[in-house]
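Asker: What follows is data.cif, mmCIF, C-alpha atoms.
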```
data_protein
loop_
_atom_site.label_atom_id
_atom_site.label_comp_id
_atom_site.auth_asym_id
_atom_site.auth_seq_id
_atom_site.Cartn_x
_atom_site.Cartn_y
_atom_site.Cartn_z
CA MET A 1 -22.50 -22.99 -13.47
CA SER A 2 -24.37 -21.37 -10.58
CA PHE A 3 -23.14 -24.03 -8.15
CA PHE A 4 -19.51 -23.60 -9.14
CA GLY A 5 -19.87 -19.82 -8.89
CA VAL A 6 -20.98 -20.21 -5.28
CA VAL A 7 -18.09 -22.57 -4.53
CA ALA A 8 -15.60 -20.15 -6.08
CA GLY A 9 -16.98 -17.29 -4.03
CA CYS A 10 -16.66 -19.28 -0.80
CA ALA A 11 -13.09 -20.29 -1.69
CA THR A 12 -12.15 -16.67 -2.30
CA PHE A 13 -13.70 -15.71 1.03
CA ALA A 14 -11.63 -18.34 2.86
CA ALA A 15 -8.39 -17.28 1.15
CA VAL A 16 -8.87 -13.61 1.99
CA LEU A 17 -9.75 -14.46 5.58
CA SER A 18 -6.60 -16.54 6.09
CA VAL A 19 -4.41 -13.67 4.84
CA GLY A 20 -6.26 -10.89 6.69
CA LEU A 21 -6.10 -12.51 10.13
CA THR A 22 -2.33 -11.99 10.25
CA ALA A 23 -2.66 -8.18 10.36
CA SER A 24 -2.28 -6.01 13.44
CA ALA A 25 -5.21 -4.10 14.92
CA GLU A 26 -5.90 -0.49 15.85
CA THR A 27 -9.20 1.24 16.50
CA PRO A 28 -11.15 3.41 14.04
CA LEU A 29 -12.52 6.77 15.03
CA GLU A 30 -15.72 7.02 17.03
CA GLY A 31 -18.91 7.86 15.21
CA THR A 32 -17.59 6.92 11.75
CA LEU A 33 -19.34 3.56 11.35
CA PRO A 34 -21.57 3.88 8.27
CA THR A 35 -25.33 3.73 8.50
CA MET A 36 -26.53 0.30 7.45
CA ASP A 37 -29.55 -1.97 7.76
CA PRO A 38 -29.36 -5.48 9.27
CA ARG A 39 -29.26 -7.50 6.05
CA PRO A 40 -25.99 -6.11 4.64
CA ILE A 41 -24.46 -6.05 8.14
CA GLY A 42 -25.06 -9.80 8.38
CA MET A 43 -23.51 -10.25 4.93
CA GLY A 44 -20.23 -8.47 5.62
CA MET A 45 -21.62 -5.05 4.59
CA THR A 46 -21.99 -6.19 1.00
CA LEU A 47 -24.93 -5.76 -1.46
CA ARG A 48 -23.44 -3.11 -3.74
CA ALA A 49 -24.31 -5.33 -6.71
CA ALA A 50 -27.46 -7.24 -5.65
CA PRO A 51 -31.04 -6.09 -5.14
CA GLY A 52 -31.11 -4.86 -1.57
CA ALA A 53 -34.37 -2.86 -1.24
CA THR A 54 -33.85 -0.16 1.42
CA ALA A 55 -30.14 -1.11 1.73
CA GLY A 56 -29.61 0.35 -1.74
CA ILE A 57 -30.18 3.87 -0.41
CA TYR A 58 -26.93 3.53 1.56
CA LEU A 59 -24.89 1.10 -0.58
CA ASN A 60 -25.73 1.68 -4.26
CA PRO A 61 -28.79 3.67 -5.38
CA ALA A 62 -28.90 1.83 -8.72
CA THR A 63 -29.92 -1.39 -6.96
CA ILE A 64 -33.26 -0.02 -5.74
CA ALA A 65 -34.52 -0.42 -9.33
CA MET A 66 -33.44 -4.08 -9.61
CA ALA A 67 -36.63 -5.51 -8.05
CA LYS A 68 -40.27 -4.49 -7.99
CA LEU A 69 -41.19 -3.64 -4.39
CA PHE A 70 -42.61 -1.07 -2.01
CA HIS A 71 -40.96 -1.48 1.41
CA LEU A 72 -41.01 0.56 4.59
CA GLU A 73 -38.29 -0.22 7.16
CA LEU A 74 -37.64 0.78 10.76
CA MET A 75 -34.04 0.25 11.95
CA TYR A 76 -32.12 0.34 15.21
CA GLN A 77 -28.35 -0.08 15.55
CA HIS A 78 -26.02 -0.14 18.58
CA THR A 79 -22.23 -0.29 18.76
CA GLY A 80 -20.40 -1.78 21.72
CA GLU A 81 -17.24 0.17 22.58
CA ASP A 82 -18.48 3.45 21.07
CA SER A 83 -21.89 3.14 22.80
CA GLU A 84 -23.53 4.65 19.73
CA ASN A 85 -27.28 4.37 19.30
CA MET A 86 -28.81 4.90 15.86
CA GLY A 87 -32.43 4.88 14.80
CA GLY A 88 -33.68 5.13 11.25
CA LEU A 89 -36.59 5.01 8.85
CA ALA A 90 -36.36 4.13 5.15
CA VAL A 91 -38.83 3.57 2.33
CA VAL A 92 -38.25 2.33 -1.24
CA ASP A 93 -40.88 2.29 -3.99
CA SER A 94 -40.15 0.83 -7.42
CA ILE A 95 -43.79 -0.01 -8.24
CA THR A 96 -45.97 3.10 -8.12
CA THR A 97 -43.40 5.66 -9.29
CA ILE A 98 -42.05 6.34 -12.79
CA VAL A 99 -38.51 5.80 -11.52
CA ALA A 100 -37.57 3.84 -8.41
CA ALA A 101 -37.34 6.13 -5.39
CA GLY A 102 -36.00 5.78 -1.87
CA LEU A 103 -36.08 8.06 1.15
CA SER A 104 -34.35 7.65 4.51
CA PHE A 105 -33.63 9.49 7.73
CA ASN A 106 -31.24 8.38 10.48
CA TYR A 107 -30.35 9.85 13.86
CA ALA A 108 -27.27 8.78 15.86
CA ARG A 109 -26.10 9.65 19.36
CA ILE A 110 -22.95 8.98 21.42
CA ASN A 111 -22.86 10.41 24.93
CA LYS A 112 -20.05 9.37 27.26
CA ALA A 113 -17.34 10.87 29.48
CA ASN A 114 -14.98 12.07 26.77
CA MET A 115 -17.34 12.82 23.89
CA ASP A 116 -20.77 14.07 22.90
CA HIS A 117 -21.75 13.12 19.33
CA GLU A 118 -25.01 13.76 17.50
CA SER A 119 -25.73 13.30 13.80
CA TYR A 120 -28.65 13.64 11.39
CA ASP A 121 -28.54 11.89 8.01
CA GLY A 122 -31.25 12.34 5.36
CA ARG A 123 -31.15 10.80 1.86
CA LEU A 124 -33.22 10.78 -1.32
CA ALA A 125 -32.39 8.13 -3.93
CA LEU A 126 -33.67 7.86 -7.52
CA ALA A 127 -32.91 5.03 -9.95
CA GLY A 128 -33.73 4.00 -13.50
CA ASN A 129 -34.15 0.55 -15.02
CA PHE A 130 -33.18 -0.17 -18.63
CA ALA A 131 -34.48 -3.47 -20.00
CA ASP A 132 -33.94 -5.15 -16.59
CA VAL A 133 -30.23 -5.30 -17.45
CA PHE A 134 -28.71 -1.88 -16.78
CA PHE A 135 -29.51 0.26 -13.73
CA VAL A 136 -28.38 3.75 -12.77
CA GLY A 137 -29.04 5.73 -9.60
CA LEU A 138 -28.29 8.91 -7.63
CA THR A 139 -28.62 9.63 -3.92
CA GLY A 140 -28.69 13.14 -2.53
CA ARG A 141 -27.53 13.29 1.09
CA TYR A 142 -27.84 15.89 3.82
CA LEU A 143 -25.53 15.33 6.79
CA ARG A 144 -25.31 17.30 10.02
CA VAL A 145 -22.80 16.23 12.69
CA GLU A 146 -22.07 17.94 15.99
CA GLN A 147 -19.26 16.38 17.99
CA ASN A 148 -17.44 17.72 21.05
CA MET A 149 -14.47 15.84 22.50
CA SER A 150 -12.56 16.59 25.69
CA ARG A 151 -10.04 13.79 25.22
CA SER A 152 -9.65 10.68 23.11
CA LYS A 153 -7.14 7.90 22.51
CA TRP A 154 -7.90 8.07 18.76
CA GLY A 155 -6.54 10.48 16.19
CA PRO A 156 -5.08 12.26 14.54
CA ASN A 157 -5.05 9.72 11.71
CA GLY A 158 -4.20 11.80 8.68
CA ARG A 159 -5.26 14.74 6.58
CA ALA A 160 -9.03 14.56 6.97
CA ALA A 161 -9.26 12.72 10.31
CA MET A 162 -10.29 14.34 13.57
CA PRO A 163 -7.78 15.65 16.11
CA SER A 164 -7.97 14.26 19.64
CA SER A 165 -9.94 17.14 21.14
CA GLY A 166 -12.16 20.07 20.25
CA SER A 167 -15.39 20.46 18.29
CA HIS A 168 -16.04 18.89 14.90
CA ASN A 169 -19.08 20.01 12.93
CA VAL A 170 -20.44 19.04 9.53
CA ASP A 171 -23.50 20.65 7.95
CA GLY A 172 -24.00 20.24 4.23
CA PHE A 173 -25.02 18.28 1.16
CA THR A 174 -23.28 15.66 -0.94
CA PHE A 175 -24.33 12.85 -3.27
CA ASP A 176 -23.67 9.25 -4.32
CA ALA A 177 -23.88 7.88 -7.88
CA GLY A 178 -24.12 4.22 -8.81
CA LEU A 179 -24.41 1.78 -11.69
CA ALA A 180 -25.42 -1.89 -11.75
CA LEU A 181 -25.45 -4.48 -14.53
CA LYS A 182 -27.28 -7.81 -14.54
CA PRO A 183 -26.70 -9.38 -17.98
CA VAL A 184 -27.88 -12.85 -16.89
CA ASP A 185 -29.86 -14.26 -13.99
CA VAL A 186 -26.90 -15.81 -12.15
CA PHE A 187 -24.77 -12.73 -11.45
CA SER A 188 -24.69 -8.93 -11.29
CA ILE A 189 -22.04 -6.27 -10.82
CA GLY A 190 -22.18 -2.82 -9.28
CA VAL A 191 -20.05 0.32 -9.03
CA VAL A 192 -20.78 3.32 -6.82
CA GLY A 193 -19.12 6.59 -5.81
CA TYR A 194 -19.82 7.97 -2.34
CA ASN A 195 -19.87 11.61 -1.17
CA LEU A 196 -18.75 12.90 -4.55
CA THR A 197 -19.01 16.49 -3.35
CA ASP A 198 -16.10 16.39 -0.91
CA THR A 199 -17.20 17.56 2.54
CA GLY A 200 -13.65 17.51 3.92
CA SER A 201 -14.93 15.37 6.80
CA ILE A 202 -14.16 11.83 7.89
CA PHE A 203 -17.90 11.42 8.52
CA ALA A 204 -18.53 11.61 4.76
CA PRO A 205 -15.33 10.53 2.95
CA VAL A 206 -15.01 10.25 -0.82
CA LYS A 207 -15.12 6.53 -1.64
CA LEU A 208 -15.43 4.16 -4.58
CA GLY A 209 -17.21 0.85 -4.10
CA SER A 210 -17.59 -2.15 -6.41
CA GLY A 211 -19.21 -5.54 -6.06
CA LEU A 212 -19.86 -8.86 -7.78
CA SER A 213 -22.88 -10.89 -6.73
CA VAL A 214 -23.66 -14.51 -7.68
CA PHE A 215 -27.13 -16.09 -7.37
CA ALA A 216 -27.91 -19.82 -7.28
CA LEU A 217 -30.96 -22.06 -6.94
CA ASP A 218 -33.27 -19.09 -6.17
CA MET A 219 -32.09 -19.27 -2.55
CA ILE A 220 -28.36 -18.43 -2.40
CA THR A 221 -26.62 -15.07 -2.79
CA VAL A 222 -22.83 -14.71 -2.54
CA GLU A 223 -21.16 -11.32 -2.93
CA GLY A 224 -17.67 -9.86 -2.75
CA ASP A 225 -17.05 -6.08 -2.58
CA VAL A 226 -14.05 -3.76 -2.55
CA VAL A 227 -14.33 -0.22 -1.14
CA ILE A 228 -11.58 2.38 -1.66
CA ASP A 229 -11.42 5.40 0.69
CA PHE A 230 -9.66 8.42 -0.85
CA THR A 231 -9.95 11.12 1.82
CA SER A 232 -10.08 9.73 5.37
CA PHE A 233 -6.33 9.17 5.69
CA GLU A 234 -2.98 10.37 4.38
CA LYS A 235 -2.98 7.46 1.96
CA VAL A 236 -5.71 5.62 0.09
CA ASN A 237 -7.33 2.86 2.14
CA GLU A 238 -9.05 -0.33 0.96
CA GLU A 239 -11.70 -2.49 2.55
CA ILE A 240 -12.50 -6.04 1.45
CA HIS A 241 -16.02 -7.35 2.05
CA ALA A 242 -17.44 -10.83 1.49
CA GLY A 243 -20.83 -12.23 2.41
CA ALA A 244 -23.39 -14.92 1.71
CA GLU A 245 -27.08 -15.54 2.32
CA ILE A 246 -29.11 -18.73 2.06
CA LEU A 247 -32.89 -18.80 2.30
CA VAL A 248 -34.08 -21.77 4.35
CA ALA A 249 -37.62 -23.11 3.96
CA GLY A 250 -38.51 -20.08 1.85
CA SER A 251 -38.79 -17.75 4.83
CA VAL A 252 -35.66 -17.85 7.04
CA PRO A 253 -32.54 -16.14 5.62
CA LEU A 254 -29.23 -17.15 7.23
CA ARG A 255 -26.27 -14.82 6.62
CA GLY A 256 -22.55 -14.64 7.23
CA GLY A 257 -19.69 -12.40 6.18
CA TYR A 258 -16.19 -11.02 6.64
CA ILE A 259 -14.62 -7.52 6.46
CA TYR A 260 -10.95 -6.58 6.31
CA ASP A 261 -9.86 -2.95 6.75
CA VAL A 262 -6.36 -2.53 5.31
CA TYR A 263 -5.48 0.78 7.03
CA TYR A 264 -6.33 -0.32 10.55
CA GLY A 265 -5.50 -3.99 9.98
CA ILE A 266 -8.90 -4.91 11.40
CA ASN A 267 -10.68 -8.20 10.70
CA SER A 268 -14.39 -8.47 11.44
CA VAL A 269 -16.84 -11.35 11.09
CA THR A 270 -20.58 -10.92 10.68
CA ALA A 271 -23.73 -13.00 11.02
CA GLY A 272 -27.43 -12.48 10.53
CA ILE A 273 -30.81 -14.14 10.59
CA GLY A 274 -34.30 -13.07 9.62
CA TYR A 275 -37.86 -14.02 8.88
CA VAL A 276 -39.73 -13.16 5.69
CA GLY A 277 -43.52 -13.35 5.74
CA ALA A 278 -46.23 -12.38 3.29
CA GLN A 279 -46.59 -8.85 4.66
CA PHE A 280 -43.50 -8.14 6.73
CA ALA A 281 -39.92 -9.18 7.49
CA LEU A 282 -37.69 -9.15 10.56
CA ASP A 283 -33.89 -8.96 10.33
CA PHE A 284 -31.02 -9.15 12.81
CA GLY A 285 -27.41 -8.39 11.94
CA TYR A 286 -24.25 -8.66 14.04
CA MET A 287 -20.64 -7.62 13.39
CA GLN A 288 -17.72 -8.50 15.67
CA GLU A 289 -14.06 -7.48 15.40
CA VAL A 290 -11.82 -10.53 15.69
CA ILE A 291 -9.22 -9.09 18.10
CA ASP A 292 -11.07 -6.37 20.03
CA SER A 293 -14.07 -8.04 21.68
CA GLY A 294 -15.49 -4.65 22.68
CA ARG A 295 -15.92 -3.56 19.06
CA TRP A 296 -19.24 -4.96 17.90
CA VAL A 297 -22.44 -3.84 16.18
CA LEU A 298 -25.96 -5.17 16.70
CA SER A 299 -28.67 -4.16 14.25
CA PHE A 300 -32.40 -4.83 14.09
CA GLY A 301 -34.87 -4.04 11.32
CA PHE A 302 -38.59 -4.39 10.70
CA LYS A 303 -39.80 -4.20 7.09
CA TYR A 304 -43.42 -3.76 6.10
CA PHE A 305 -44.38 -4.67 2.53
CA ILE A 306 -46.77 -1.96 1.41
CA ASN A 307 -47.35 -3.53 -1.99
#
```
Can the structure from this file be put into structure tokens for me?
Answerer:
Amino acid sequence: MSFFGVVAGCATFAAVLSVGLTASAETPLEGTLPTMDPRPIGMGMTLRAAPGATAGIYLNPATIAMAKLFHLELMYQHTGEDSENMGGLAVVDSITTIVAAGLSFNYARINKANMDHESYDGRLALAGNFADVFFVGLTGRYLRVEQNMSRSKWGPNGRAAMPSSGSHNVDGFTFDAGLALKPVDVFSIGVVGYNLTDTGSIFAPVKLGSGLSVFALDMITVEGDVVIDFTSFEKVNEEIHAGAEILVAGSVPLRGGYIYDVYYGINSVTAGIGYVGAQFALDFGYMQEVIDSGRWVLSFGFKYFIN
């Protein structure tokens, strides 16, 4: 059953890819790429349904209670065309606390001829575990963005998107809420709402995410996600995510994935590799847009296993 689930997931991935590659391409707004750690980047920005350790703080807070761990992670992320640099620190503890808890802080900077962008993102996630089957979580988020633009080829793109010049500031709180269900060992599902207190900003849009993850042979994870964006544009936008991970020799995870953004008509492919030791892990993730070679993301992470 597990084997056929993996095959079905790969077939779905291939079918979606063949359809998505026919779409036209535009460019999304600068500074709006979500914060992410290297593992989900390598897997097509999935992991809304699977145990993801520190990734759960950003993707689905319920998943931080799905495995017993105490991880500290340092992250660095760079985008190509936007020239954005992001550094972050995250910690998740589901061993020593009554409920699973996660804490993160990220800083991002874009400084080029037509724009100066600076953002601070702090999050606190809490999650509960019920009989190792049902998981629920909340993430409180503080976001501060200061962006000044003199000119830009992007925007306006709808009701909540940025105009092409001027100053754009965000300073406030919002929250995410998520659920996850793992009725059997071979699959899990997840649902999460993002930025449920509407900030009115494209930097923190109201979204709904869902995912289905399949596990096989204690070494393979395949996941497909759908993310619906309600507030960034004049109409609702959908993103399709698919990704897979295989653990080679018990210590080397190999990852691949695909993302299709319906609004922009953008196709992206992703890849990742890592090393998992007894006390630490290293992860690299890469995302590349299919048509625009200048739009890429490179991410690096170092995890230390405290317990």
Asker: Please determine, counting all atoms listed in the file, which residue among A:Ala244, A:Ile110, A:Ala127, A:Ile64 has the shortest atom-to-atom distance to Ser83 of chain A.
Answerer: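 Once distances to Ser83 of chain A are computed over all atoms listed in the file, the minimum belongs to A:Ile110.
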Asker: Using atom CA of Gly128 of chain A and atom CA of Asn60 of chain A as the two end points, give the distance in Å to one decimal.
Answerer: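 Taking atom CA of Gly128 of chain A and atom CA of Asn60 of chain A, their separation equals 12.4 Å.
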Asker: I'd like to see the residues matched by the PyMOL selection byres ((chain A and resi 292) around 10) on this file, and ideally I'd get them as a list in words.
Answerer: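 Going through the file, the PyMOL selection byres ((chain A and resi 292) around 10) ends up selecting Ala25, Glu26, Thr27, Glu81, Ile266, Asn267, Ser268, Gln288, Glu289, Val290, Ile291, Ser293, Gly294, Arg295 and Trp296 of chain A.
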Asker: Rounded to one decimal in Å, what is the spacing between atom CA of Ala53 of chain A and atom CA of Arg39 of chain A?
Answerer: 10.0 Å
Asker: Under the rule that all atoms listed in the file are counted, which of A:Phe187, A:Gly122, A:Val206, A:Thr46 is the nearest residue to Gly172 of chain A?
Answerer: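 When distances to Gly172 of chain A are compared using all atoms listed in the file, the smallest one comes from A:Gly122.
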Asker: Once the PyMOL selection byres ((chain A and resi 90-105) around 6) has been applied to the shown file, what residues remain in the selection, as a PDB file with C-alpha atoms, in the frame of the given file?
Answerer:
```pdb
ATOM      1  CA  THR A  54     -33.850  -0.160   1.420  1.00  0.00           C
ATOM      2  CA  ALA A  65     -34.520  -0.420  -9.330  1.00  0.00           C
ATOM      3  CA  LYS A  68     -40.270  -4.490  -7.990  1.00  0.00           C
ATOM      4  CA  LEU A  69     -41.190  -3.640  -4.390  1.00  0.00           C
ATOM      5  CA  PHE A  70     -42.610  -1.070  -2.010  1.00  0.00           C
ATOM      6  CA  HIS A  71     -40.960  -1.480   1.410  1.00  0.00           C
ATOM      7  CA  LEU A  72     -41.010   0.560   4.590  1.00  0.00           C
ATOM      8  CA  GLU A  73     -38.290  -0.220   7.160  1.00  0.00           C
ATOM      9  CA  GLY A  88     -33.680   5.130  11.250  1.00  0.00           C
ATOM     10  CA  LEU A  89     -36.590   5.010   8.850  1.00  0.00           C
ATOM     11  CA  ASN A 106     -31.240   8.380  10.480  1.00  0.00           C
ATOM     12  CA  ASP A 121     -28.540  11.890   8.010  1.00  0.00           C
ATOM     13  CA  GLY A 122     -31.250  12.340   5.360  1.00  0.00           C
ATOM     14  CA  ARG A 123     -31.150  10.800   1.860  1.00  0.00           C
ATOM     15  CA  LEU A 124     -33.220  10.780  -1.320  1.00  0.00           C
ATOM     16  CA  ALA A 125     -32.390   8.130  -3.930  1.00  0.00           C
ATOM     17  CA  LEU A 126     -33.670   7.860  -7.520  1.00  0.00           C
ATOM     18  CA  ALA A 127     -32.910   5.030  -9.950  1.00  0.00           C
ATOM     19  CA  GLY A 128     -33.730   4.000 -13.500  1.00  0.00           C
TER      20      GLY A 128
END
```
Asker: Using all atoms listed in the file, which of A:Asn169, A:Tyr264, A:Gly250, A:Asp229 sits nearest Asp116 of chain A?
Answerer: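 Once distances to Asp116 of chain A are computed over all atoms listed in the file, the minimum belongs to A:Asn169.
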Asker: So, counting all atoms listed in the file, which residue among A:Pro253, A:Pro38, A:Gly56, A:Pro183 is closest to Met75 of chain A?
Answerer: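 For Met75 of chain A, the nearest of the candidates is A:Pro38.
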Asker: With the PyMOL selection byres ((chain A and resi 199) around 12) as the selection, what would be picked from this file? Answer as a list in words, please.
Answerer: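 So the PyMOL selection byres ((chain A and resi 199) around 12), applied here, picks out Arg141, Tyr142, Leu143, Arg144, Val145, Ala160, Asn169, Val170, Asp171, Gly172, Phe173, Thr174, Phe175, Tyr194, Asn195, Leu196, Thr197, Asp198, Gly200, Ser201, Ile202, Phe203, Ala204, Pro205, Val206, Lys207, Thr231 and Ser232 of chain A.
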Asker: For Tyr58 of chain A, which of A:Glu238, A:Asp37, A:Glu223, A:Asp185 is the closest residue, counting only C-alpha atoms?
Answerer: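 Using only C-alpha atoms, the shortest distance to Tyr58 of chain A belongs to A:Asp37.
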Asker: Choose the residue, out of A:Thr63, A:Gly42, A:Leu33, A:Leu208, that has the smallest atom-to-atom separation from Gly274 of chain A; count all atoms listed in the file.
Answerer: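 Of A:Thr63, A:Gly42, A:Leu33, A:Leu208, the one nearest Gly274 of chain A is A:Gly42, counting all atoms listed in the file.
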